[in-house]
file work02.pdb (PDB, C-alpha atoms)
MODEL        1
ATOM      1  CA  MET A   5      69.934 143.715  87.940
ATOM      2  CA  SER A   6      73.377 142.828  86.661
ATOM      3  CA  SER A   7      74.937 143.527  83.271
ATOM      4  CA  HIS A   8      78.159 143.386  81.325
ATOM      5  CA  LEU A   9      79.197 146.664  83.025
ATOM      6  CA  ASP A  10      79.372 145.131  86.503
ATOM      7  CA  GLN A  11      83.078 144.385  86.250
ATOM      8  CA  PHE A  12      83.767 148.071  85.537
ATOM      9  CA  THR A  13      81.515 149.863  88.046
ATOM     10  CA  TYR A  14      82.680 150.965  91.474
ATOM     11  CA  LYS A  15      81.396 153.060  94.331
ATOM     12  CA  LEU A  16      83.173 154.463  97.356
ATOM     13  CA  ILE A  17      82.798 152.969 100.801
ATOM     14  CA  ASP A  18      84.798 154.887 103.400
ATOM     15  CA  ARG A  19      86.557 156.619 100.470
ATOM     16  CA  LYS A  20      87.794 153.298  99.088
ATOM     17  CA  PRO A  21      86.685 151.937  95.683
ATOM     18  CA  VAL A  22      84.521 148.826  95.962
ATOM     19  CA  GLN A  23      83.170 146.953  92.964
ATOM     20  CA  CYS A  24      79.396 147.319  92.668
ATOM     21  CA  ALA A  25      77.620 144.419  90.964
ATOM     22  CA  ASN A  26      74.149 145.960  90.941
ATOM     23  CA  ASP A  27      73.463 148.421  88.115
ATOM     24  CA  ASP A  28      70.467 150.054  89.777
ATOM     25  CA  GLU A  29      72.291 150.534  93.083
ATOM     26  CA  TRP A  30      75.411 151.829  91.330
ATOM     27  CA  PHE A  31      73.511 154.233  89.061
ATOM     28  CA  LYS A  32      71.573 155.761  91.968
ATOM     29  CA  TRP A  33      74.830 156.200  93.890
ATOM     30  CA  PHE A  34      76.631 157.575  90.791
ATOM     31  CA  LEU A  35      74.061 160.327  90.185
ATOM     32  CA  ASP A  36      74.725 162.015  93.548
ATOM     33  CA  LEU A  37      78.002 163.637  92.508
ATOM     34  CA  GLU A  38      78.356 166.142  95.333
ATOM     35  CA  ASN A  39      77.724 163.700  98.174
ATOM     36  CA  ASN A  40      79.328 160.572  96.761
ATOM     37  CA  ARG A  41      82.030 161.371  94.212
ATOM     38  CA  ARG A  42      83.306 164.954  94.535
ATOM     39  CA  VAL A  43      86.847 165.217  95.921
ATOM     40  CA  GLY A  44      87.427 168.891  95.177
ATOM     41  CA  LEU A  45      86.082 171.821  93.159
ATOM     42  CA  THR A  46      88.035 175.061  92.885
ATOM     43  CA  THR A  47      87.422 178.134  90.756
ATOM     44  CA  ILE A  48      90.246 180.575  90.105
ATOM     45  CA  LYS A  49      89.955 183.946  88.412
ATOM     46  CA  LYS A  50      93.092 184.710  86.431
ATOM     47  CA  ALA A  51      93.940 188.082  84.963
ATOM     48  CA  MET A  52      94.713 188.133  81.250
ATOM     49  CA  VAL A  53      97.567 190.539  80.639
ATOM     50  CA  GLY A  54      98.420 192.065  77.287
ATOM     51  CA  LEU A  55     100.996 194.773  76.602
ATOM     52  CA  ASP A  56     101.625 195.064  80.342
ATOM     53  CA  ILE A  57      97.995 195.929  81.155
ATOM     54  CA  VAL A  58      95.240 193.761  82.546
ATOM     55  CA  MET A  59      92.827 193.262  79.668
ATOM     56  CA  ASP A  60      90.287 190.887  81.183
ATOM     57  CA  SER A  61      90.008 187.937  83.505
ATOM     58  CA  ILE A  62      89.307 184.313  82.827
ATOM     59  CA  GLU A  63      87.702 181.780  85.133
ATOM     60  CA  VAL A  64      89.431 178.422  85.528
ATOM     61  CA  THR A  65      87.657 175.521  87.198
ATOM     62  CA  ILE A  66      89.492 172.530  88.647
ATOM     63  CA  SER A  67      87.295 169.534  89.383
ATOM     64  CA  THR A  68      88.425 166.303  91.016
ATOM     65  CA  VAL A  69      85.981 163.394  91.147
ATOM     66  CA  PHE A  70      85.741 159.665  91.612
ATOM     67  CA  THR A  71      84.771 158.513  88.099
ATOM     68  CA  SER A  72      83.416 155.150  89.345
ATOM     69  CA  LEU A  73      84.119 153.505  85.995
ATOM     70  CA  ASN A  74      87.223 151.431  85.494
ATOM     71  CA  ILE A  75      87.562 151.453  81.726
ATOM     72  CA  ILE A  76      91.228 150.381  81.815
ATOM     73  CA  PRO A  77      91.170 147.381  84.205
ATOM     74  CA  GLN A  78      94.932 147.094  84.652
ATOM     75  CA  ASP A  79      95.134 150.786  85.551
ATOM     76  CA  MET A  80      92.516 151.258  88.339
ATOM     77  CA  ALA A  81      92.889 155.065  88.077
ATOM     78  CA  LEU A  82      89.329 155.795  89.198
ATOM     79  CA  PHE A  83      89.925 159.403  90.296
ATOM     80  CA  GLU A  84      90.259 162.245  87.819
ATOM     81  CA  THR A  85      91.164 165.940  87.958
ATOM     82  CA  LEU A  86      89.984 168.048  85.016
ATOM     83  CA  VAL A  87      90.756 171.687  84.220
ATOM     84  CA  ARG A  88      88.236 173.866  82.387
ATOM     85  CA  GLY A  89      89.399 177.239  81.088
ATOM     86  CA  GLY A  90      92.777 178.899  80.739
ATOM     87  CA  LYS A  91      96.073 177.509  79.532
ATOM     88  CA  TYR A  92      95.375 173.967  80.806
ATOM     89  CA  ASP A  93      91.790 173.710  79.515
ATOM     90  CA  GLY A  94      90.916 170.068  78.944
ATOM     91  CA  CYS A  95      93.971 168.653  80.739
ATOM     92  CA  VAL A  96      93.244 165.568  82.833
ATOM     93  CA  TRP A  97      95.240 163.915  85.624
ATOM     94  CA  ARG A  98      94.289 160.495  87.017
ATOM     95  CA  CYS A  99      95.156 158.614  90.176
ATOM     96  CA  ARG A 100      94.069 155.567  92.182
ATOM     97  CA  THR A 101      93.091 156.638  95.714
ATOM     98  CA  TRP A 102      91.087 159.344  97.482
ATOM     99  CA  ASP A 103      94.181 160.576  99.316
ATOM    100  CA  GLU A 104      96.150 160.790  96.059
ATOM    101  CA  ALA A 105      93.206 162.679  94.509
ATOM    102  CA  VAL A 106      93.231 165.272  97.308
ATOM    103  CA  VAL A 107      96.967 165.861  96.796
ATOM    104  CA  GLN A 108      96.571 165.870  93.024
ATOM    105  CA  HIS A 109      93.801 168.497  93.247
ATOM    106  CA  GLU A 110      96.071 170.807  95.258
ATOM    107  CA  GLN A 111      98.971 170.213  92.868
ATOM    108  CA  VAL A 112      96.836 171.137  89.865
ATOM    109  CA  ILE A 113      95.659 174.300  91.662
ATOM    110  CA  ALA A 114      99.340 175.242  92.103
ATOM    111  CA  ILE A 115     100.078 174.494  88.426
ATOM    112  CA  VAL A 116      97.169 176.650  87.250
ATOM    113  CA  LYS A 117      98.021 179.512  89.617
ATOM    114  CA  GLY A 118     101.643 179.408  88.469
ATOM    115  CA  SER A 119     100.802 179.727  84.781
TER     116      SER A 119
ENDMDL
END

call {"tool": "encode", "arguments": {"input": "work02.pdb", "output": "structure tokens"}}
result
Amino acid sequence: MSSHLDQFTYKLIDRKPVQCANDDEWFKWFLDLENNRRVGLTTIKKAMVGLDIVMDSIEVTISTVFTSLNIIPQDMALFETLVRGGKYDGCVWRCRTWDEAVVQHEQVIAIVKGS
């Protein structure tokens, strides 16, 4: 079945985005996040320091995925790294390729660890 979303939906074949013109096929593929779309997932425990003593720790999760939706056609930034928790909670970085996403994930880990 095709729909008006076809021009925006992609799946990965050999880690390269390929437009997917079948909604049912795309949706089934999309639902399997861990096997089809996950680039990286890292959890970091950071100590919260106050008055020179460790008061508690906070968990920060960095998730990089292939979004599979191209909502800004001229952009083609189909990969996204999102931070949950800590100083960068809610920050998002986007890129265009799997290889860029792997590098971006590591860069965001370094940013979070350095804060």

call {"tool": "closest_atom_pairs", "arguments": {"input": "work02.pdb", "of": "segment 86-115 of chain A", "to": "segment 42-47 of chain A", "cutoff": "12 Å", "atoms": "all atoms listed in the file", "output": "CSV"}}
result
residue,atom,partner,partner_atom,distance
A:Leu86,CA,A:Leu45,CA,9.8
A:Val87,CA,A:Thr46,CA,9.7
A:Arg88,CA,A:Thr47,CA,9.4
A:Gly89,CA,A:Thr47,CA,9.9
A:Gly90,CA,A:Thr47,CA,11.4
A:Thr101,CA,A:Val43,CA,10.6
A:Trp102,CA,A:Val43,CA,7.4
A:Asp103,CA,A:Val43,CA,9.3
A:Glu104,CA,A:Val43,CA,10.3
A:Ala105,CA,A:Val43,CA,7.0
A:Val106,CA,A:Val43,CA,6.5
A:Val107,CA,A:Gly44,CA,10.1
A:Gln108,CA,A:Gly44,CA,9.9
A:His109,CA,A:Gly44,CA,6.7
A:Glu110,CA,A:Gly44,CA,8.9
A:Gln111,CA,A:Gly44,CA,11.8
A:Val112,CA,A:Thr46,CA,10.1
A:Ile113,CA,A:Thr46,CA,7.8
A:Ala114,CA,A:Thr46,CA,11.3

call {"tool": "atom_distance", "arguments": {"input": "work02.pdb", "atom1": "atom CA of Trp97 of chain A", "atom2": "atom CA of Pro21 of chain A"}}
result
17.8 Å

call {"tool": "residues_around", "arguments": {"input": "work02.pdb", "residues": "segment 22-24 of chain A", "least_positions_apart": "4", "cutoff": "9 Å", "atoms": "only C-alpha atoms", "output": "PyMOL selection string"}}
result
chain A and resi 10-17+29-30+72

call {"tool": "closest_residue", "arguments": {"input": "work02.pdb", "among": "A:Ala25, A:Ile48, A:Cys99, A:Leu37", "to": "Ile66 of chain A", "atoms": "all atoms listed in the file"}}
result
A:Ile48

call {"tool": "axis_aligned_box", "arguments": {"input": "work02.pdb", "around": "segment 26-29 of chain A", "padding_each_side": "4 Å", "output": "AutoDock Vina command-line options"}}
result
--center_x 72.3 --center_y 148.2 --center_z 90.6 --size_x 11.7 --size_y 12.6 --size_z 13.0

call {"tool": "atom_distance", "arguments": {"input": "work02.pdb", "atom1": "atom CA of Lys50 of chain A", "atom2": "atom CA of Val64 of chain A"}}
result
7.3 Å

call {"tool": "closest_residue", "arguments": {"input": "work02.pdb", "among": "A:Arg41, A:Ile115, A:Asn74, A:Phe31", "to": "Cys95 of chain A", "atoms": "all atoms listed in the file"}}
result
A:Ile115

call {"tool": "atom_distance", "arguments": {"input": "work02.pdb", "atom1": "atom CA of Leu82 of chain A", "atom2": "atom CA of Val69 of chain A"}}
result
8.5 Å

call {"tool": "decode", "arguments": {"input": "work02.pdb", "residues": "segment 18-65 of chain A", "atoms": "N, CA and C atoms", "output": "CSV table (one decimal), in the first residue's frame"}}
result
chain,number,residue,atom,x,y,z
A,18,ASP,N,22.3,-2.1,3.7
A,18,ASP,CA,23.8,-2.0,3.9
A,18,ASP,C,24.2,-0.6,4.5
A,19,ARG,N,23.4,-0.2,5.5
A,19,ARG,CA,23.7,1.0,6.2
A,19,ARG,C,23.5,2.3,5.4
A,20,LYS,N,22.9,2.2,4.2
A,20,LYS,CA,22.6,3.3,3.4
A,20,LYS,C,21.1,3.6,3.3
A,21,PRO,N,20.7,4.8,3.4
A,21,PRO,CA,19.3,5.1,3.3
A,21,PRO,C,18.7,4.9,1.9
A,22,VAL,N,17.6,4.2,1.8
A,22,VAL,CA,17.0,3.9,0.5
A,22,VAL,C,15.5,4.2,0.7
A,23,GLN,N,14.9,5.0,-0.2
A,23,GLN,CA,13.5,5.3,-0.1
A,23,GLN,C,12.7,4.0,-0.2
A,24,CYS,N,11.7,4.0,0.7
A,24,CYS,CA,10.8,2.8,0.8
A,24,CYS,C,9.4,3.2,0.4
A,25,ALA,N,8.9,2.7,-0.7
A,25,ALA,CA,7.6,3.2,-1.2
A,25,ALA,C,6.4,2.3,-0.7
A,26,ASN,N,6.6,1.4,0.2
A,26,ASN,CA,5.6,0.5,0.7
A,26,ASN,C,5.4,0.8,2.2
A,27,ASP,N,4.3,1.3,2.5
A,27,ASP,CA,4.0,1.7,4.0
A,27,ASP,C,4.1,0.5,4.9
A,28,ASP,N,3.5,-0.6,4.5
A,28,ASP,CA,3.5,-1.8,5.3
A,28,ASP,C,4.9,-2.4,5.5
A,29,GLU,N,5.6,-2.4,4.5
A,29,GLU,CA,7.0,-2.9,4.5
A,29,GLU,C,7.9,-2.0,5.4
A,30,TRP,N,7.7,-0.7,5.2
A,30,TRP,CA,8.5,0.3,5.9
A,30,TRP,C,8.1,0.2,7.4
A,31,PHE,N,6.9,0.2,7.7
A,31,PHE,CA,6.4,0.2,9.1
A,31,PHE,C,6.9,-1.0,9.9
A,32,LYS,N,6.9,-2.2,9.3
A,32,LYS,CA,7.4,-3.4,9.9
A,32,LYS,C,8.9,-3.3,10.1
A,33,TRP,N,9.6,-2.8,9.2
A,33,TRP,CA,11.1,-2.5,9.3
A,33,TRP,C,11.3,-1.5,10.4
A,34,PHE,N,10.6,-0.4,10.4
A,34,PHE,CA,10.8,0.7,11.4
A,34,PHE,C,10.6,0.2,12.8
A,35,LEU,N,9.7,-0.7,13.1
A,35,LEU,CA,9.4,-1.1,14.4
A,35,LEU,C,10.5,-1.8,15.1
A,36,ASP,N,11.4,-2.5,14.3
A,36,ASP,CA,12.5,-3.2,14.9
A,36,ASP,C,13.7,-2.3,15.1
A,37,LEU,N,13.6,-1.4,16.1
A,37,LEU,CA,14.7,-0.4,16.4
A,37,LEU,C,16.1,-1.0,16.6
A,38,GLU,N,16.2,-2.0,17.4
A,38,GLU,CA,17.5,-2.5,17.8
A,38,GLU,C,18.2,-3.2,16.6
A,39,ASN,N,17.5,-3.9,15.8
A,39,ASN,CA,18.1,-4.6,14.7
A,39,ASN,C,18.3,-3.7,13.4
A,40,ASN,N,17.4,-2.8,13.2
A,40,ASN,CA,17.4,-2.0,12.0
A,40,ASN,C,17.9,-0.6,12.1
A,41,ARG,N,17.7,0.1,13.2
A,41,ARG,CA,17.9,1.5,13.2
A,41,ARG,C,18.9,2.0,14.3
A,42,ARG,N,19.2,1.2,15.2
A,42,ARG,CA,20.1,1.7,16.3
A,42,ARG,C,21.6,1.8,15.9
A,43,VAL,N,22.1,3.0,16.0
A,43,VAL,CA,23.6,3.2,15.7
A,43,VAL,C,24.4,3.0,17.0
A,44,GLY,N,23.9,3.6,18.1
A,44,GLY,CA,24.6,3.6,19.3
A,44,GLY,C,23.7,3.9,20.5
A,45,LEU,N,24.0,3.3,21.7
A,45,LEU,CA,23.3,3.6,22.9
A,45,LEU,C,24.3,3.5,24.0
A,46,THR,N,24.4,4.6,24.7
A,46,THR,CA,25.4,4.7,25.8
A,46,THR,C,24.8,5.3,27.0
A,47,THR,N,25.0,4.7,28.2
A,47,THR,CA,24.6,5.3,29.4
A,47,THR,C,25.8,5.7,30.3
A,48,ILE,N,25.8,6.9,30.8
A,48,ILE,CA,26.9,7.4,31.6
A,48,ILE,C,26.3,7.8,32.9
A,49,LYS,N,27.0,7.4,34.0
A,49,LYS,CA,26.6,7.9,35.3
A,49,LYS,C,27.6,9.0,35.7
A,50,LYS,N,27.0,10.2,36.0
A,50,LYS,CA,27.8,11.3,36.3
A,50,LYS,C,27.5,11.7,37.8
A,51,ALA,N,28.6,12.0,38.5
A,51,ALA,CA,28.5,12.5,39.9
A,51,ALA,C,28.0,13.9,39.9
A,52,MET,N,27.1,14.2,40.8
A,52,MET,CA,26.6,15.6,41.0
A,52,MET,C,27.4,16.1,42.2
A,53,VAL,N,28.1,17.2,42.0
A,53,VAL,CA,29.0,17.7,43.1
A,53,VAL,C,28.4,19.0,43.6
A,54,GLY,N,28.3,19.1,44.9
A,54,GLY,CA,27.9,20.4,45.5
A,54,GLY,C,28.7,20.7,46.7
A,55,LEU,N,29.2,21.9,46.8
A,55,LEU,CA,30.1,22.3,47.9
A,55,LEU,C,31.3,21.3,48.1
A,56,ASP,N,31.8,20.9,47.0
A,56,ASP,CA,33.0,20.1,47.0
A,56,ASP,C,32.8,18.7,47.5
A,57,ILE,N,31.5,18.2,47.6
A,57,ILE,CA,31.2,16.8,48.0
A,57,ILE,C,30.3,16.2,46.9
A,58,VAL,N,30.4,14.9,46.7
A,58,VAL,CA,29.5,14.2,45.8
A,58,VAL,C,28.2,14.1,46.5
A,59,MET,N,27.2,14.7,45.9
A,59,MET,CA,25.8,14.6,46.5
A,59,MET,C,25.0,13.5,46.0
A,60,ASP,N,25.1,13.2,44.8
A,60,ASP,CA,24.3,12.1,44.1
A,60,ASP,C,24.9,11.9,42.7
A,61,SER,N,24.3,11.0,42.0
A,61,SER,CA,24.7,10.8,40.6
A,61,SER,C,23.5,10.8,39.7
A,62,ILE,N,23.7,11.2,38.5
A,62,ILE,CA,22.7,11.3,37.5
A,62,ILE,C,23.0,10.4,36.4
A,63,GLU,N,22.0,9.8,35.8
A,63,GLU,CA,22.3,8.9,34.6
A,63,GLU,C,22.0,9.7,33.3
A,64,VAL,N,22.9,9.6,32.4
A,64,VAL,CA,22.7,10.3,31.1
A,64,VAL,C,22.7,9.3,30.0
A,65,THR,N,21.7,9.3,29.2
A,65,THR,CA,21.7,8.3,28.1
A,65,THR,C,21.8,9.1,26.8
